[in-house]
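Written out below as structure tokens is the structure these notes cover.
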Amino acid sequence: MLEFVLLAASLALLLLAAHYFVQGITAIAEALGAPKIVLGMTVVAFGTSTPELVVNALSAYNGSTALAFGNIVGACLLNVGFVLGLTAMIQPLKVEHSIINREIPMLIVAGITVLVLAADRWLNGAATDSWLRSDGLVLLILFCIFLYYTVRQSIGTLSQIEAKPSEASSSIPSQIAIALAGFAGLSLAANWTVEYASLIARNLGVAENIVGLTIVSMGTTLPELATCILAARRGEADIAIGNIVGSNIFNLLAIGGLVSTIHPVAIPSGGHIDLLVMALLSIILLPIAIRSERTITRGEGAVLLTVFAAHWTWRILGSS
């Protein structure tokens with residue numbers, strides 16, 4: 001029981017530290033005059049994935065690749081199936097053209113890519129299925145391409161506006177201190193999270209990827225859940241959907257690429273099914289977003305939530 005309390009405390013510290021880290025670097029960028037739309041597409045959009053980034057990078061460095069795999073895939077499943085499904089049930093979500101034309105197709109490409117890269121035995125007759133370092137580089141290159149075109153298009157819409165340094169530039173030293181403190185807290189909390197999650201897996205005889213898929217991914221996905229529900233209640237559907245899709249692209253391409261580059265990731269038992277369900281949710285998100293006058297309805301949110309719940313239940317019961 002104590003290890004569950006310590007894991008919960010570690011996740012709480014992780015989320016708190018991530019908040020201050022993102023707050024600090026966002027304030028620095030604003031003080032230096034960065035356009036808000038570019039800032040939103042980079043720091044803010046991917047900032048909610050900071051907990052996953054730190055936890056999984058540390059897991060890979062320590063050799064706990066099953067935990068990292070479970071957390072990456074679990075966070076993506078939670079984002080589309082649980083967070084987006086629940087948010088749509090609370091408030092139907094209007095989908096912008098740019099999300100349909102660019103973000104969701106890129107998410108589908110990312111989902112199919114990680115699934116294909118995990119099929120080494122089928123593709124080239126390898127002894128095992130793994131995300132290799134070369135696979136990690138492929139994912140990172142895809143992420144850089146996506147980020148380049150996203151920022152380029154965002155800057156293009158603001159070409160008539162000249163970014164100017166903010167009058168708040170005097171606060172930069174204090175914001176640097178806040179960002180550094182947040183990063184230090186992230187590093188410490190991530191270390192504890194990995195340690196206690198691994199301890200729970202050993203004590204319960206449960207595979208690390210299941211712990212990552214469930215407990216850890218649920219904890220690290222709380223920022224996306226809070227952001228989306230708040231945005232939906234305010235009528236800012238584009239923020240809610242953009243946050244989910246952007247976070248999943250970041251998780252699969254940036255975090256998945258970084259983790260695989262640090263340490264090859266063996267695909268754990270049941271991992272192919274997890275990847276397949278994740279890719280399926282990403283694919284069906286496109287027709288769901290297009291139909292009903294580009295609105296994700298409460299019924300469609302219930303479909304996403306049902307698919308997620310069925311898969312999660314099967315994985316949990318299958319591991320017991």
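Letters A, B, ... mark the chains of the structure tokens in the order given; residue numbers begin at 1 per chain; ligand numbers begin at 1, in order shown.
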Might you pull out every residue within 7 Å of stretch 208-219 of chain A, with only C-alpha atoms counted and same-chain residues fewer than 3 positions away left off, and present them as JSON, numbers by chain?
{"A": [11, 66, 67, 68, 69, 70, 71, 73, 74, 75, 197, 198, 201, 222, 268]}
For the residues in the current selection, export N, CA and C atoms as a PDB file, in the first residue's frame.
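Saved to out.pdb:
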```pdb
ATOM      1  N   LEU A  11       3.530  11.345  -8.732  1.00  0.00           N
ATOM      2  CA  LEU A  11       2.769  11.855  -9.866  1.00  0.00           C
ATOM      3  C   LEU A  11       2.259  13.264  -9.599  1.00  0.00           C
ATOM      4  N   ALA A  66       9.859  -1.417 -21.116  1.00  0.00           N
ATOM      5  CA  ALA A  66       8.466  -1.882 -21.104  1.00  0.00           C
ATOM      6  C   ALA A  66       7.567  -0.843 -20.436  1.00  0.00           C
ATOM      7  N   LEU A  67       8.075  -0.226 -19.372  1.00  0.00           N
ATOM      8  CA  LEU A  67       7.329   0.827 -18.693  1.00  0.00           C
ATOM      9  C   LEU A  67       7.143   2.017 -19.622  1.00  0.00           C
ATOM     10  N   ALA A  68       8.209   2.389 -20.349  1.00  0.00           N
ATOM     11  CA  ALA A  68       8.131   3.506 -21.284  1.00  0.00           C
ATOM     12  C   ALA A  68       7.143   3.214 -22.406  1.00  0.00           C
ATOM     13  N   PHE A  69       7.208   2.010 -22.963  1.00  0.00           N
ATOM     14  CA  PHE A  69       6.279   1.620 -24.033  1.00  0.00           C
ATOM     15  C   PHE A  69       4.840   1.725 -23.543  1.00  0.00           C
ATOM     16  N   GLY A  70       4.563   1.152 -22.373  1.00  0.00           N
ATOM     17  CA  GLY A  70       3.208   1.176 -21.835  1.00  0.00           C
ATOM     18  C   GLY A  70       2.713   2.584 -21.603  1.00  0.00           C
ATOM     19  N   ASN A  71       3.602   3.470 -21.138  1.00  0.00           N
ATOM     20  CA  ASN A  71       3.201   4.836 -20.856  1.00  0.00           C
ATOM     21  C   ASN A  71       2.932   5.619 -22.142  1.00  0.00           C
ATOM     22  N   VAL A  73       2.069   4.427 -25.236  1.00  0.00           N
ATOM     23  CA  VAL A  73       0.865   3.930 -25.901  1.00  0.00           C
ATOM     24  C   VAL A  73      -0.366   4.168 -25.021  1.00  0.00           C
ATOM     25  N   GLY A  74      -0.200   3.954 -23.712  1.00  0.00           N
ATOM     26  CA  GLY A  74      -1.322   4.163 -22.795  1.00  0.00           C
ATOM     27  C   GLY A  74      -1.796   5.597 -22.785  1.00  0.00           C
ATOM     28  N   ALA A  75      -0.865   6.555 -22.821  1.00  0.00           N
ATOM     29  CA  ALA A  75      -1.236   7.969 -22.838  1.00  0.00           C
ATOM     30  C   ALA A  75      -2.001   8.317 -24.110  1.00  0.00           C
ATOM     31  N   ALA A 197       6.735   2.761  -9.684  1.00  0.00           N
ATOM     32  CA  ALA A 197       5.953   1.992 -10.648  1.00  0.00           C
ATOM     33  C   ALA A 197       6.599   0.627 -10.883  1.00  0.00           C
ATOM     34  N   SER A 198       7.918   0.610 -10.993  1.00  0.00           N
ATOM     35  CA  SER A 198       8.630  -0.662 -11.175  1.00  0.00           C
ATOM     36  C   SER A 198       8.485  -1.542  -9.936  1.00  0.00           C
ATOM     37  N   ALA A 201       5.069  -3.135  -9.923  1.00  0.00           N
ATOM     38  CA  ALA A 201       5.020  -4.222 -10.910  1.00  0.00           C
ATOM     39  C   ALA A 201       5.665  -5.489 -10.350  1.00  0.00           C
ATOM     40  N   LEU A 222      -3.282  13.504 -16.766  1.00  0.00           N
ATOM     41  CA  LEU A 222      -4.151  14.449 -16.067  1.00  0.00           C
ATOM     42  C   LEU A 222      -4.099  15.872 -16.647  1.00  0.00           C
ATOM     43  N   PRO A 268       6.514  -5.419 -25.830  1.00  0.00           N
ATOM     44  CA  PRO A 268       6.125  -6.399 -24.809  1.00  0.00           C
ATOM     45  C   PRO A 268       4.921  -7.228 -25.240  1.00  0.00           C
TER      46      PRO A 268
END
```
I'd like the neighbourhood of A:Leu142 as JSON, numbers by chain, where a residue qualifies if any of its atoms comes within 7 Å (using only C-alpha atoms), though same-chain residues fewer than 4 positions away should be ignored.
{"A": [138, 146, 253]}
All strand (DSSP E or B) residues (DSSP, backbone) inside stretch 63-288 of chain A, as number ranges by chain: A: 93-94, 130-131, 265-266
* Asked: Looking at A:Ile249, A:Phe21, A:Arg121, A:Gly81, which one is nearest to A:Val109, with distances taken over only C-alpha atoms?
  ->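 The shortest atom-to-atom distance to A:Val109 comes from A:Ile249.
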Review point. Contacts of stretch 97-108 of chain A at 8 Å or less, counting only C-alpha atoms, minus same-chain residues fewer than 6 places along, as a list in words?
Key: Phe146, Gly242, Val245, Gly246, Asn248, Ile249, Ala279, Ser282, Ile283, Leu285, Leu286, Ala289 and Ile290 of chain A
Of A:Gly111, A:Gly125, A:Gly136, A:Gly301, the one nearest to A:Leu86 when counting only C-alpha atoms is A:Gly301
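Candidate residues A:Ala302, A:Ala17, A:Ile244, A:Leu252 were compared for distance to A:Phe143, and the nearest is A:Leu252, using only C-alpha atoms.
Remark: for A:Phe82, the closest of the candidate residues A:Trp192, A:Trp131, A:Trp312, A:Tyr61 is A:Trp312 (distances computed over only C-alpha atoms).
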Counting only C-alpha atoms, the residue among A:Leu199, A:Gly318, A:Ser187, A:Pro287 that lies closest to A:Ala57 is A:Ser187
| task | Kindly give the distance, in Å, that separates atom CA of A:Ile288 and atom CA of A:Leu276, rounded to a single decimal. | result |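 So the two atoms, atom CA of A:Ile288 and atom CA of A:Leu276, lie 18.3 Å apart.
Omitting A:Leu139 and its sequence neighbours fewer than 6 positions away, and counting only C-alpha atoms, the residues within 10 Å are Ala110, Thr113, Val114, Leu117, Arg133, Ile145, Leu252, Leu253, Ala254, Ile255, Gly256, Gly257, Leu258, Ser260 and Thr261 of chain A.
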Take the residues just selected and output them with N, CA and C atoms as a tab-separated table (two decimals), in the first residue's frame.
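In the end it all went to part.tsv:
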```tsv
chain	number	residue	atom	x	y	z
A	110	ALA	N	1.50	8.86	-37.88
A	110	ALA	CA	2.32	8.49	-36.72
A	110	ALA	C	1.89	7.14	-36.15
A	113	THR	N	2.88	4.36	-38.51
A	113	THR	CA	4.35	4.23	-38.54
A	113	THR	C	4.87	3.43	-37.36
A	114	VAL	N	4.42	3.76	-36.13
A	114	VAL	CA	4.92	3.03	-34.97
A	114	VAL	C	4.45	1.58	-34.99
A	117	LEU	N	6.79	-0.13	-37.57
A	117	LEU	CA	8.14	-0.25	-37.03
A	117	LEU	C	8.23	-1.33	-35.94
A	133	ARG	N	17.08	1.91	-32.56
A	133	ARG	CA	17.56	3.29	-32.59
A	133	ARG	C	17.31	3.92	-33.96
A	145	ILE	N	9.60	17.35	-39.25
A	145	ILE	CA	8.87	17.76	-40.45
A	145	ILE	C	7.52	18.34	-40.09
A	252	LEU	N	4.04	10.03	-29.72
A	252	LEU	CA	4.48	8.97	-30.62
A	252	LEU	C	5.78	9.30	-31.33
A	253	LEU	N	5.88	10.51	-31.88
A	253	LEU	CA	7.03	10.85	-32.70
A	253	LEU	C	8.20	11.38	-31.88
A	254	ALA	N	7.94	12.38	-31.03
A	254	ALA	CA	9.04	12.98	-30.27
A	254	ALA	C	9.49	12.08	-29.11
A	255	ILE	N	8.53	11.69	-28.25
A	255	ILE	CA	8.90	10.87	-27.09
A	255	ILE	C	9.26	9.46	-27.52
A	256	GLY	N	8.44	8.87	-28.41
A	256	GLY	CA	8.77	7.53	-28.91
A	256	GLY	C	10.11	7.50	-29.62
A	257	GLY	N	10.39	8.54	-30.40
A	257	GLY	CA	11.67	8.63	-31.08
A	257	GLY	C	12.83	8.78	-30.13
A	258	LEU	N	12.65	9.65	-29.12
A	258	LEU	CA	13.72	9.88	-28.14
A	258	LEU	C	14.00	8.63	-27.33
A	260	SER	N	13.41	5.46	-28.08
A	260	SER	CA	14.01	4.42	-28.91
A	260	SER	C	15.46	4.73	-29.23
A	261	THR	N	15.78	6.00	-29.35
A	261	THR	CA	17.16	6.40	-29.63
A	261	THR	C	18.05	6.19	-28.41
```
Residues within 7 Å of A:Thr87, please, as a list in words. Count only C-alpha atoms; anything in the same chain fewer than 6 positions from it doesn't count. Cys228, Ile229 and Ala232 of chain A
- Message: Going by DSSP on the backbone, which residues of stretch 69-135 of chain A come out as helix (DSSP H, G or I)? List them as an MDAnalysis selection string.
- Response: chainID A and resid 69:90 97:117 120:124 133:135
Worksheet item: Quick one: residues within 6 Å of A:Pro92, only C-alpha atoms counted, chain neighbours fewer than 6 positions away excluded, as a PyMOL selection string?
Response: chain A and resi 296-298
Counting only C-alpha atoms, closest pick from A:Ala8, A:Asn243, A:Asn251, A:Leu16 relative to A:Leu230 is A:Asn243
